[in-house]
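Student: To be precise about what I am sending: the file is called data.cif and holds mmCIF, C-alpha atoms, pLDDT in the B column; chains and numbers go by the auth columns.
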data_data
#
loop_
_atom_site.group_PDB
_atom_site.id
_atom_site.type_symbol
_atom_site.label_atom_id
_atom_site.label_comp_id
_atom_site.label_asym_id
_atom_site.label_seq_id
_atom_site.Cartn_x
_atom_site.Cartn_y
_atom_site.Cartn_z
_atom_site.B_iso_or_equiv
_atom_site.auth_seq_id
_atom_site.auth_asym_id
ATOM 1 C CA MET A 1 18.809 11.355 -23.203 50.00 1 A
ATOM 2 C CA ARG A 2 20.991 8.824 -21.456 59.00 2 A
ATOM 3 C CA ALA A 3 19.254 5.904 -19.802 66.00 3 A
ATOM 4 C CA ARG A 4 18.400 6.728 -16.210 63.00 4 A
ATOM 5 C CA PRO A 5 19.657 4.479 -13.462 64.00 5 A
ATOM 6 C CA LEU A 6 16.984 2.104 -12.152 64.00 6 A
ATOM 7 C CA SER A 7 16.543 0.497 -8.789 64.00 7 A
ATOM 8 C CA PRO A 8 17.820 -3.062 -8.668 65.00 8 A
ATOM 9 C CA HIS A 9 15.213 -5.284 -10.269 66.00 9 A
ATOM 10 C CA LEU A 10 13.791 -8.556 -9.010 64.00 10 A
ATOM 11 C CA SER A 11 16.040 -10.718 -11.164 66.00 11 A
ATOM 12 C CA ILE A 12 19.287 -9.700 -9.466 65.00 12 A
ATOM 13 C CA TYR A 13 18.201 -11.004 -6.073 66.00 13 A
ATOM 14 C CA ARG A 14 18.436 -14.552 -4.918 66.00 14 A
ATOM 15 C CA MET A 15 14.975 -15.784 -3.970 61.00 15 A
ATOM 16 C CA THR A 16 15.700 -16.444 -0.341 62.00 16 A
ATOM 17 C CA ARG A 17 12.318 -17.243 1.087 61.00 17 A
ATOM 18 C CA TYR A 18 12.566 -15.301 4.316 65.00 18 A
ATOM 19 C CA SER A 19 13.119 -11.791 3.017 67.00 19 A
ATOM 20 C CA LEU A 20 12.566 -11.219 -0.677 75.00 20 A
ATOM 21 C CA LEU A 21 9.722 -13.667 -1.155 79.00 21 A
ATOM 22 C CA SER A 22 7.825 -12.400 1.875 79.00 22 A
ATOM 23 C CA SER A 23 8.294 -8.838 0.651 81.00 23 A
ATOM 24 C CA ILE A 24 7.024 -9.501 -2.893 87.00 24 A
ATOM 25 C CA VAL A 25 4.076 -11.478 -1.527 91.00 25 A
ATOM 26 C CA ASN A 26 3.268 -8.411 0.595 92.00 26 A
ATOM 27 C CA ARG A 27 3.031 -6.377 -2.614 93.00 27 A
ATOM 28 C CA ILE A 28 0.899 -8.980 -4.368 95.00 28 A
ATOM 29 C CA THR A 29 -1.522 -9.280 -1.437 96.00 29 A
ATOM 30 C CA GLY A 30 -1.658 -5.475 -1.276 96.00 30 A
ATOM 31 C CA CYS A 31 -2.736 -5.357 -4.925 96.00 31 A
ATOM 32 C CA ILE A 32 -5.367 -8.045 -4.275 97.00 32 A
ATOM 33 C CA LEU A 33 -6.721 -5.954 -1.380 97.00 33 A
ATOM 34 C CA SER A 34 -6.862 -2.900 -3.667 97.00 34 A
ATOM 35 C CA VAL A 35 -9.231 -4.893 -5.876 96.00 35 A
ATOM 36 C CA GLY A 36 -11.121 -5.809 -2.702 97.00 36 A
ATOM 37 C CA LEU A 37 -11.820 -2.087 -2.209 97.00 37 A
ATOM 38 C CA LEU A 38 -14.011 -2.298 -5.331 97.00 38 A
ATOM 39 C CA VAL A 39 -16.118 -4.977 -3.618 97.00 39 A
ATOM 40 C CA LEU A 40 -16.308 -2.954 -0.392 97.00 40 A
ATOM 41 C CA VAL A 41 -17.460 0.227 -2.137 98.00 41 A
ATOM 42 C CA TYR A 42 -19.913 -1.720 -4.329 97.00 42 A
ATOM 43 C CA TRP A 43 -21.412 -3.181 -1.145 97.00 43 A
ATOM 44 C CA LEU A 44 -21.559 0.244 0.576 97.00 44 A
ATOM 45 C CA MET A 45 -23.283 1.774 -2.462 97.00 45 A
ATOM 46 C CA ALA A 46 -25.757 -1.125 -2.451 96.00 46 A
ATOM 47 C CA VAL A 47 -26.580 -0.510 1.217 96.00 47 A
ATOM 48 C CA ALA A 48 -27.132 3.169 0.419 96.00 48 A
ATOM 49 C CA GLY A 49 -29.270 2.257 -2.593 95.00 49 A
ATOM 50 C CA GLY A 50 -32.173 0.968 -0.516 93.00 50 A
ATOM 51 C CA THR A 51 -33.792 -2.405 0.132 94.00 51 A
ATOM 52 C CA ARG A 52 -34.297 -3.522 -3.460 94.00 52 A
ATOM 53 C CA ALA A 53 -30.850 -2.479 -4.688 94.00 53 A
ATOM 54 C CA TYR A 54 -29.315 -4.216 -1.686 95.00 54 A
ATOM 55 C CA GLU A 55 -31.215 -7.453 -2.341 94.00 55 A
ATOM 56 C CA GLN A 56 -29.953 -7.522 -5.937 95.00 56 A
ATOM 57 C CA ALA A 57 -26.377 -6.853 -4.854 95.00 57 A
ATOM 58 C CA HIS A 58 -26.674 -9.374 -2.017 93.00 58 A
ATOM 59 C CA GLU A 59 -27.608 -12.055 -4.525 93.00 59 A
ATOM 60 C CA ILE A 60 -24.505 -11.321 -6.603 94.00 60 A
ATOM 61 C CA LEU A 61 -22.279 -10.986 -3.530 93.00 61 A
ATOM 62 C CA SER A 62 -23.478 -14.335 -2.107 91.00 62 A
ATOM 63 C CA SER A 63 -22.745 -16.310 -5.288 92.00 63 A
ATOM 64 C CA GLY A 64 -20.152 -19.070 -5.383 92.00 64 A
ATOM 65 C CA ILE A 65 -17.562 -17.040 -7.240 94.00 65 A
ATOM 66 C CA PHE A 66 -17.718 -14.335 -4.561 94.00 66 A
ATOM 67 C CA LYS A 67 -17.243 -16.965 -1.832 93.00 67 A
ATOM 68 C CA LEU A 68 -13.988 -17.766 -3.607 94.00 68 A
ATOM 69 C CA ILE A 69 -13.135 -14.058 -3.793 95.00 69 A
ATOM 70 C CA TYR A 70 -13.785 -13.664 -0.035 95.00 70 A
ATOM 71 C CA ALA A 71 -11.506 -16.600 0.686 95.00 71 A
ATOM 72 C CA GLY A 72 -8.769 -14.945 -1.418 96.00 72 A
ATOM 73 C CA LEU A 73 -9.315 -11.550 0.193 97.00 73 A
ATOM 74 C CA LEU A 74 -9.252 -13.135 3.648 96.00 74 A
ATOM 75 C CA VAL A 75 -5.864 -14.778 3.032 97.00 75 A
ATOM 76 C CA ALA A 76 -4.521 -11.577 1.431 97.00 76 A
ATOM 77 C CA PHE A 77 -5.797 -9.445 4.322 97.00 77 A
ATOM 78 C CA CYS A 78 -4.330 -11.678 7.035 97.00 78 A
ATOM 79 C CA TYR A 79 -0.945 -11.902 5.320 96.00 79 A
ATOM 80 C CA HIS A 80 -0.750 -8.199 4.459 97.00 80 A
ATOM 81 C CA LEU A 81 -1.720 -7.238 8.019 97.00 81 A
ATOM 82 C CA VAL A 82 0.874 -9.446 9.705 96.00 82 A
ATOM 83 C CA ALA A 83 3.653 -8.865 7.158 94.00 83 A
ATOM 84 C CA GLY A 84 2.894 -5.132 7.223 95.00 84 A
ATOM 85 C CA ILE A 85 3.438 -5.071 10.972 95.00 85 A
ATOM 86 C CA ARG A 86 6.772 -6.852 10.363 93.00 86 A
ATOM 87 C CA HIS A 87 7.707 -4.090 7.913 92.00 87 A
ATOM 88 C CA LEU A 88 6.795 -1.459 10.517 94.00 88 A
ATOM 89 C CA VAL A 89 9.071 -3.188 13.032 93.00 89 A
ATOM 90 C CA TRP A 90 11.852 -3.205 10.417 90.00 90 A
ATOM 91 C CA ASP A 91 11.307 0.543 9.927 90.00 91 A
ATOM 92 C CA THR A 92 12.309 1.120 13.543 92.00 92 A
ATOM 93 C CA GLY A 93 15.640 -0.519 12.716 90.00 93 A
ATOM 94 C CA ARG A 94 14.905 -3.698 14.669 90.00 94 A
ATOM 95 C CA GLY A 95 14.907 -7.293 13.519 86.00 95 A
ATOM 96 C CA LEU A 96 17.074 -6.748 10.462 84.00 96 A
ATOM 97 C CA GLU A 97 19.692 -9.378 11.289 85.00 97 A
ATOM 98 C CA ARG A 98 19.583 -12.425 9.078 82.00 98 A
ATOM 99 C CA ALA A 99 18.613 -14.825 11.878 86.00 99 A
ATOM 100 C CA GLN A 100 15.960 -12.466 13.231 88.00 100 A
ATOM 101 C CA SER A 101 14.488 -11.937 9.782 85.00 101 A
ATOM 102 C CA LYS A 102 14.348 -15.678 9.220 86.00 102 A
ATOM 103 C CA ARG A 103 12.553 -16.173 12.520 90.00 103 A
ATOM 104 C CA SER A 104 10.089 -13.313 11.944 90.00 104 A
ATOM 105 C CA ALA A 105 9.243 -14.753 8.501 89.00 105 A
ATOM 106 C CA GLY A 106 8.271 -17.972 10.254 91.00 106 A
ATOM 107 C CA ILE A 107 6.201 -16.040 12.785 94.00 107 A
ATOM 108 C CA VAL A 108 4.439 -14.134 9.962 93.00 108 A
ATOM 109 C CA VAL A 109 3.463 -17.382 8.220 93.00 109 A
ATOM 110 C CA ALA A 110 2.314 -19.015 11.481 96.00 110 A
ATOM 111 C CA VAL A 111 0.230 -16.026 12.636 97.00 111 A
ATOM 112 C CA THR A 112 -1.241 -15.619 9.132 96.00 112 A
ATOM 113 C CA ILE A 113 -2.353 -19.251 9.044 97.00 113 A
ATOM 114 C CA ALA A 114 -3.836 -18.973 12.546 97.00 114 A
ATOM 115 C CA LEU A 115 -5.742 -15.786 11.583 96.00 115 A
ATOM 116 C CA VAL A 116 -7.006 -17.338 8.335 96.00 116 A
ATOM 117 C CA VAL A 117 -8.250 -20.407 10.214 96.00 117 A
ATOM 118 C CA VAL A 118 -10.001 -18.384 12.944 95.00 118 A
ATOM 119 C CA LEU A 119 -11.558 -15.753 10.638 95.00 119 A
ATOM 120 C CA GLY A 120 -12.319 -18.328 7.944 94.00 120 A
ATOM 121 C CA TYR A 121 -14.122 -20.510 10.448 93.00 121 A
ATOM 122 C CA TRP A 122 -16.051 -17.488 11.720 91.00 122 A
ATOM 123 C CA LEU A 123 -16.954 -16.316 8.212 88.00 123 A
ATOM 124 C CA PHE A 124 -17.777 -19.582 6.458 86.00 124 A
ATOM 125 C CA VAL A 125 -18.799 -21.975 9.242 84.00 125 A
ATOM 126 C CA ALA A 126 -19.991 -20.167 12.370 75.00 126 A
ATOM 127 C CA ALA A 127 -21.713 -17.317 10.545 66.00 127 A
ATOM 128 C CA GLY A 128 -22.639 -19.705 7.741 56.00 128 A
ATOM 129 C CA ARG A 129 -22.852 -17.004 5.094 52.00 129 A
ATOM 130 C CA GLY A 130 -20.682 -14.868 2.870 47.00 130 A
ATOM 131 C CA PRO A 131 -21.117 -11.108 3.302 46.00 131 A
ATOM 132 C CA MET B 1 24.443 17.021 -32.058 54.00 1 B
ATOM 133 C CA LYS B 2 23.424 20.427 -30.738 64.00 2 B
ATOM 134 C CA SER B 3 20.164 20.092 -28.850 71.00 3 B
ATOM 135 C CA LEU B 4 17.591 22.846 -28.763 80.00 4 B
ATOM 136 C CA ARG B 5 17.071 22.158 -25.079 80.00 5 B
ATOM 137 C CA SER B 6 18.954 24.315 -22.603 82.00 6 B
ATOM 138 C CA PRO B 7 21.597 22.697 -20.383 80.00 7 B
ATOM 139 C CA LEU B 8 19.291 23.261 -17.404 80.00 8 B
ATOM 140 C CA GLY B 9 16.357 21.623 -19.195 78.00 9 B
ATOM 141 C CA LEU B 10 18.481 18.557 -19.896 76.00 10 B
ATOM 142 C CA VAL B 11 19.281 17.921 -16.263 75.00 11 B
ATOM 143 C CA SER B 12 16.316 19.250 -14.337 73.00 12 B
ATOM 144 C CA GLY B 13 13.908 16.665 -13.051 69.00 13 B
ATOM 145 C CA LEU B 14 16.474 13.894 -13.225 72.00 14 B
ATOM 146 C CA GLY B 15 17.417 13.960 -9.567 67.00 15 B
ATOM 147 C CA SER B 16 15.526 13.548 -6.373 66.00 16 B
ATOM 148 C CA ALA B 17 12.193 15.338 -6.354 65.00 17 B
ATOM 149 C CA LYS B 18 12.503 15.647 -2.564 69.00 18 B
ATOM 150 C CA GLY B 19 9.124 13.952 -2.223 71.00 19 B
ATOM 151 C CA GLY B 20 10.203 10.407 -1.448 73.00 20 B
ATOM 152 C CA VAL B 21 10.213 10.727 2.312 83.00 21 B
ATOM 153 C CA HIS B 22 6.750 12.263 2.288 87.00 22 B
ATOM 154 C CA HIS B 23 5.409 9.298 0.302 87.00 23 B
ATOM 155 C CA TRP B 24 7.240 6.834 2.542 89.00 24 B
ATOM 156 C CA TRP B 25 5.958 8.516 5.704 93.00 25 B
ATOM 157 C CA LEU B 26 2.325 8.628 4.550 94.00 26 B
ATOM 158 C CA GLN B 27 2.534 4.951 3.598 94.00 27 B
ATOM 159 C CA ARG B 28 3.621 4.130 7.162 95.00 28 B
ATOM 160 C CA LEU B 29 1.117 6.486 8.778 96.00 29 B
ATOM 161 C CA THR B 30 -1.822 5.014 6.864 97.00 30 B
ATOM 162 C CA SER B 31 -0.620 1.459 7.527 97.00 31 B
ATOM 163 C CA ILE B 32 -0.514 2.097 11.295 97.00 32 B
ATOM 164 C CA ALA B 33 -4.059 3.529 11.182 98.00 33 B
ATOM 165 C CA LEU B 34 -5.303 0.579 9.137 97.00 34 B
ATOM 166 C CA VAL B 35 -4.258 -2.010 11.746 97.00 35 B
ATOM 167 C CA PRO B 36 -7.020 -1.103 14.261 97.00 36 B
ATOM 168 C CA LEU B 37 -9.474 0.066 11.581 98.00 37 B
ATOM 169 C CA THR B 38 -9.432 -3.150 9.532 97.00 38 B
ATOM 170 C CA ILE B 39 -9.539 -5.357 12.643 96.00 39 B
ATOM 171 C CA TRP B 40 -12.531 -3.352 13.953 97.00 40 B
ATOM 172 C CA PHE B 41 -14.286 -3.629 10.564 97.00 41 B
ATOM 173 C CA THR B 42 -13.737 -7.383 10.218 95.00 42 B
ATOM 174 C CA VAL B 43 -14.815 -8.184 13.778 94.00 43 B
ATOM 175 C CA SER B 44 -17.901 -5.938 13.744 95.00 44 B
ATOM 176 C CA LEU B 45 -19.043 -7.157 10.336 94.00 45 B
ATOM 177 C CA LEU B 46 -18.669 -10.788 11.382 92.00 46 B
ATOM 178 C CA SER B 47 -20.441 -10.053 14.691 93.00 47 B
ATOM 179 C CA LEU B 48 -23.608 -8.809 12.996 93.00 48 B
ATOM 180 C CA PRO B 49 -26.465 -11.279 13.566 92.00 49 B
ATOM 181 C CA SER B 50 -27.331 -11.162 9.869 90.00 50 B
ATOM 182 C CA LEU B 51 -26.453 -9.182 6.776 91.00 51 B
ATOM 183 C CA ASP B 52 -29.964 -8.265 5.680 92.00 52 B
ATOM 184 C CA HIS B 53 -30.614 -4.644 4.776 95.00 53 B
ATOM 185 C CA VAL B 54 -32.354 -3.662 8.040 95.00 54 B
ATOM 186 C CA THR B 55 -29.522 -4.990 10.212 95.00 55 B
ATOM 187 C CA VAL B 56 -26.749 -3.447 8.111 96.00 56 B
ATOM 188 C CA VAL B 57 -28.483 -0.049 7.920 96.00 57 B
ATOM 189 C CA ALA B 58 -29.102 -0.026 11.689 96.00 58 B
ATOM 190 C CA TRP B 59 -25.428 -0.808 12.250 96.00 59 B
ATOM 191 C CA MET B 60 -24.135 1.729 9.738 96.00 60 B
ATOM 192 C CA ALA B 61 -26.428 4.498 10.981 95.00 61 B
ATOM 193 C CA GLN B 62 -24.776 4.507 14.409 96.00 62 B
ATOM 194 C CA SER B 63 -22.518 7.553 14.703 96.00 63 B
ATOM 195 C CA TRP B 64 -19.404 5.662 15.735 97.00 64 B
ATOM 196 C CA THR B 65 -19.837 3.060 13.023 97.00 65 B
ATOM 197 C CA ALA B 66 -20.294 5.719 10.353 97.00 66 B
ATOM 198 C CA LEU B 67 -17.299 7.691 11.614 98.00 67 B
ATOM 199 C CA LEU B 68 -14.975 4.672 11.706 98.00 68 B
ATOM 200 C CA LEU B 69 -16.240 3.434 8.328 98.00 69 B
ATOM 201 C CA ILE B 70 -15.497 6.809 6.721 98.00 70 B
ATOM 202 C CA LEU B 71 -12.007 6.753 8.228 98.00 71 B
ATOM 203 C CA LEU B 72 -11.530 3.184 6.983 98.00 72 B
ATOM 204 C CA VAL B 73 -12.592 4.042 3.416 98.00 73 B
ATOM 205 C CA LEU B 74 -10.454 7.197 3.261 98.00 74 B
ATOM 206 C CA VAL B 75 -7.330 5.710 4.810 98.00 75 B
ATOM 207 C CA ALA B 76 -7.626 2.416 2.903 98.00 76 B
ATOM 208 C CA THR B 77 -8.058 4.099 -0.493 98.00 77 B
ATOM 209 C CA TYR B 78 -5.152 6.443 0.237 98.00 78 B
ATOM 210 C CA HIS B 79 -2.924 3.580 1.383 98.00 79 B
ATOM 211 C CA SER B 80 -3.936 1.591 -1.693 98.00 80 B
ATOM 212 C CA GLN B 81 -3.204 4.531 -3.993 97.00 81 B
ATOM 213 C CA LEU B 82 0.258 4.996 -2.469 95.00 82 B
ATOM 214 C CA GLY B 83 0.950 1.269 -2.724 95.00 83 B
ATOM 215 C CA VAL B 84 -0.142 0.600 -6.313 96.00 84 B
ATOM 216 C CA ARG B 85 1.684 3.748 -7.391 93.00 85 B
ATOM 217 C CA VAL B 86 5.002 2.306 -6.258 91.00 86 B
ATOM 218 C CA VAL B 87 4.219 -1.022 -7.920 93.00 87 B
ATOM 219 C CA VAL B 88 3.405 0.713 -11.227 94.00 88 B
ATOM 220 C CA GLU B 89 6.514 2.918 -11.002 89.00 89 B
ATOM 221 C CA ASP B 90 8.669 -0.158 -10.403 87.00 90 B
ATOM 222 C CA TYR B 91 7.295 -2.484 -13.059 89.00 91 B
ATOM 223 C CA VAL B 92 5.840 -0.357 -15.885 90.00 92 B
ATOM 224 C CA HIS B 93 8.893 0.946 -17.720 87.00 93 B
ATOM 225 C CA ASN B 94 7.272 2.644 -20.717 91.00 94 B
ATOM 226 C CA THR B 95 6.879 6.299 -19.700 91.00 95 B
ATOM 227 C CA GLY B 96 3.630 6.985 -21.530 95.00 96 B
ATOM 228 C CA MET B 97 2.065 3.740 -20.377 95.00 97 B
ATOM 229 C CA ARG B 98 3.208 4.393 -16.812 94.00 98 B
ATOM 230 C CA THR B 99 1.753 7.901 -16.707 95.00 99 B
ATOM 231 C CA LEU B 100 -1.531 6.699 -18.212 97.00 100 B
ATOM 232 C CA THR B 101 -1.770 3.841 -15.691 96.00 101 B
ATOM 233 C CA LEU B 102 -1.047 6.197 -12.794 96.00 102 B
ATOM 234 C CA VAL B 103 -3.674 8.696 -13.980 97.00 103 B
ATOM 235 C CA ILE B 104 -6.319 5.967 -14.305 98.00 104 B
ATOM 236 C CA LEU B 105 -5.450 4.427 -10.917 97.00 105 B
ATOM 237 C CA THR B 106 -5.582 7.828 -9.215 97.00 106 B
ATOM 238 C CA PHE B 107 -9.015 8.535 -10.729 98.00 107 B
ATOM 239 C CA VAL B 108 -10.294 5.100 -9.690 98.00 108 B
ATOM 240 C CA HIS B 109 -9.077 5.588 -6.120 98.00 109 B
ATOM 241 C CA ALA B 110 -10.572 9.081 -5.879 98.00 110 B
ATOM 242 C CA PHE B 111 -13.864 7.702 -7.187 98.00 111 B
ATOM 243 C CA LEU B 112 -13.825 4.830 -4.670 98.00 112 B
ATOM 244 C CA ALA B 113 -13.077 7.186 -1.770 98.00 113 B
ATOM 245 C CA VAL B 114 -15.856 9.628 -2.669 98.00 114 B
ATOM 246 C CA ALA B 115 -18.393 6.895 -3.470 98.00 115 B
ATOM 247 C CA GLY B 116 -17.649 5.084 -0.210 98.00 116 B
ATOM 248 C CA VAL B 117 -17.959 8.202 1.941 98.00 117 B
ATOM 249 C CA PHE B 118 -21.092 9.294 0.089 98.00 118 B
ATOM 250 C CA ALA B 119 -22.735 5.898 0.651 97.00 119 B
ATOM 251 C CA ILE B 120 -21.893 5.832 4.356 98.00 120 B
ATOM 252 C CA LEU B 121 -23.165 9.395 4.900 97.00 121 B
ATOM 253 C CA LYS B 122 -26.379 8.638 3.012 97.00 122 B
ATOM 254 C CA VAL B 123 -27.075 5.660 5.257 97.00 123 B
ATOM 255 C CA ALA B 124 -25.999 7.524 8.413 96.00 124 B
ATOM 256 C CA PHE B 125 -28.365 10.395 7.670 95.00 125 B
ATOM 257 C CA GLY B 126 -31.273 8.015 7.103 91.00 126 B
ATOM 258 C CA GLY B 127 -31.405 8.104 3.321 85.00 127 B
ATOM 259 C CA ALA B 128 -31.327 4.356 2.703 82.00 128 B
ATOM 260 C CA SER B 129 -34.286 2.906 4.591 74.00 129 B
#
What is this structure when it is put down as structure tokens?
Tutor:
Amino acid sequence: MRARPLSPHLSIYRMTRYSLLSSIVNRITGCILSVGLLVLVYWLMAVAGGTRAYEQAHEILSSGIFKLIYAGLLVAFCYHLVAGIRHLVWDTGRGLERAQSKRSAGIVVAVTIALVVVLGYWLFVAAGRGP
Amino acid sequence: MKSLRSPLGLVSGLGSAKGGVHHWWLQRLTSIALVPLTIWFTVSLLSLPSLDHVTVVAWMAQSWTALLLILLVLVATYHSQLGVRVVVEDYVHNTGMRTLTLVILTFVHAFLAVAGVFAILKVAFGGAS
């Protein structure tokens, strides 16, 4: 069988930071959040498992390594949320001009950082505990 | 050079499967739903006075919480399944490996969806206290 045509691969694009990079980071953060679903379901099953099962899981989920995982998931969530909304705006056919795309990339980064700071403060400082 | 495969067999399945728009549309639909759902989940979880078992169970047993949590788990696992599928299709070029990866990922997502919903329902119906 003849080789099938493939979609253009990563290597043919120039890594301009405001379109391609933000799009590939959206994929990467999406994959990180998929792994986060494992944590969410593990936690839900622990809640359903009763007091003792929950205490055991809580100990694991409060460990230092999980604090690091929550920090990663928080950044991934904030970015994926904001960049995803940008993709939805693009889907309506708006904001596709080069200048607009450059500006919206800046907005995505700024809003992401703001969200990470606010939610991170709430999670790690104000609440003073990892989930 | 004569192949045993019929001319139709050689070309069928090579073109559009007419399913791309459906996949694309569901990806958008689930992403729109996840905007309010994930924000609600993050804010309510962070608003809980503590995360001990009694508090979490009391929160999860409320009808609205249980309902929104089930929606969150179902929509998030579906969105995740659609997303990782595209990533695998784009970057895993070996056909056998790709199919195997997709099968495993689909099973994992189905398991996560069912386990999540089961856990929420168990708590909501008072089976976890």
Student: Given the file shown, determine the residues that the PyMOL selection byres ((chain A) within 7 of (chain B)) selects; report them as a ChimeraX atom specification.
Tutor: /A:31,34,41,44-45,47-51,54,81,123,131
Student: Just so the selection is clear, what residues does the PyMOL selection byres ((chain A and resi 61-67) around 9) cover here, as number ranges by chain?
Tutor: A: 39, 43, 56-60, 68-72, 124, 129-131
Student: Keeping only C-alpha atoms, take the residues you just selected and write them out as an mmCIF file, in the coordinates of the input.
Tutor:
data_model
loop_
_atom_site.group_PDB
_atom_site.id
_atom_site.type_symbol
_atom_site.label_atom_id
_atom_site.label_comp_id
_atom_site.auth_asym_id
_atom_site.auth_seq_id
_atom_site.Cartn_x
_atom_site.Cartn_y
_atom_site.Cartn_z
ATOM 1 C CA VAL A 39 -16.118 -4.977 -3.618
ATOM 2 C CA TRP A 43 -21.412 -3.181 -1.145
ATOM 3 C CA GLN A 56 -29.953 -7.522 -5.937
ATOM 4 C CA ALA A 57 -26.377 -6.853 -4.854
ATOM 5 C CA HIS A 58 -26.674 -9.374 -2.017
ATOM 6 C CA GLU A 59 -27.608 -12.055 -4.525
ATOM 7 C CA ILE A 60 -24.505 -11.321 -6.603
ATOM 8 C CA LEU A 68 -13.988 -17.766 -3.607
ATOM 9 C CA ILE A 69 -13.135 -14.058 -3.793
ATOM 10 C CA TYR A 70 -13.785 -13.664 -0.035
ATOM 11 C CA ALA A 71 -11.506 -16.600 0.686
ATOM 12 C CA GLY A 72 -8.769 -14.945 -1.418
ATOM 13 C CA PHE A 124 -17.777 -19.582 6.458
ATOM 14 C CA ARG A 129 -22.852 -17.004 5.094
ATOM 15 C CA GLY A 130 -20.682 -14.868 2.870
ATOM 16 C CA PRO A 131 -21.117 -11.108 3.302
#
Student: Could you tell me how far CA of Leu88 (chain A) lies from CA of Val88 (chain B), in Å and to one decimal?
Tutor: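 Computing it gives 22.1 Å between the two atoms.
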Student: Neighbours of Phe125 (chain B) within 10 Å (all atoms listed in the file; same-chain residues fewer than 6 positions away dropped), as a list in words?
Tutor: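 Result of the neighbour search: Met60, Ala61, Gln62, Ser63 and Ala66 of chain B.
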Student: Could you tell me how far CA of Ala46 (chain A) lies from CA of Leu71 (chain B), in Å and to one decimal?
Tutor: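 Computing the Euclidean distance for CA of Ala46 (chain A) and CA of Leu71 (chain B) yields 19.1 Å.
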Student: I would like the residues chosen by the PyMOL selection byres ((chain A and resi 78) around 9) on the shown file; could you give them as number ranges by chain?
Tutor: A: 73-77, 79-83, 111-113, 115-116
Student: Please indicate the distance in Å from CA of Thr99 (chain B) to CA of Arg27 (chain A), rounded to one decimal place.
Tutor: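 These atoms are spaced 20.1 Å apart.
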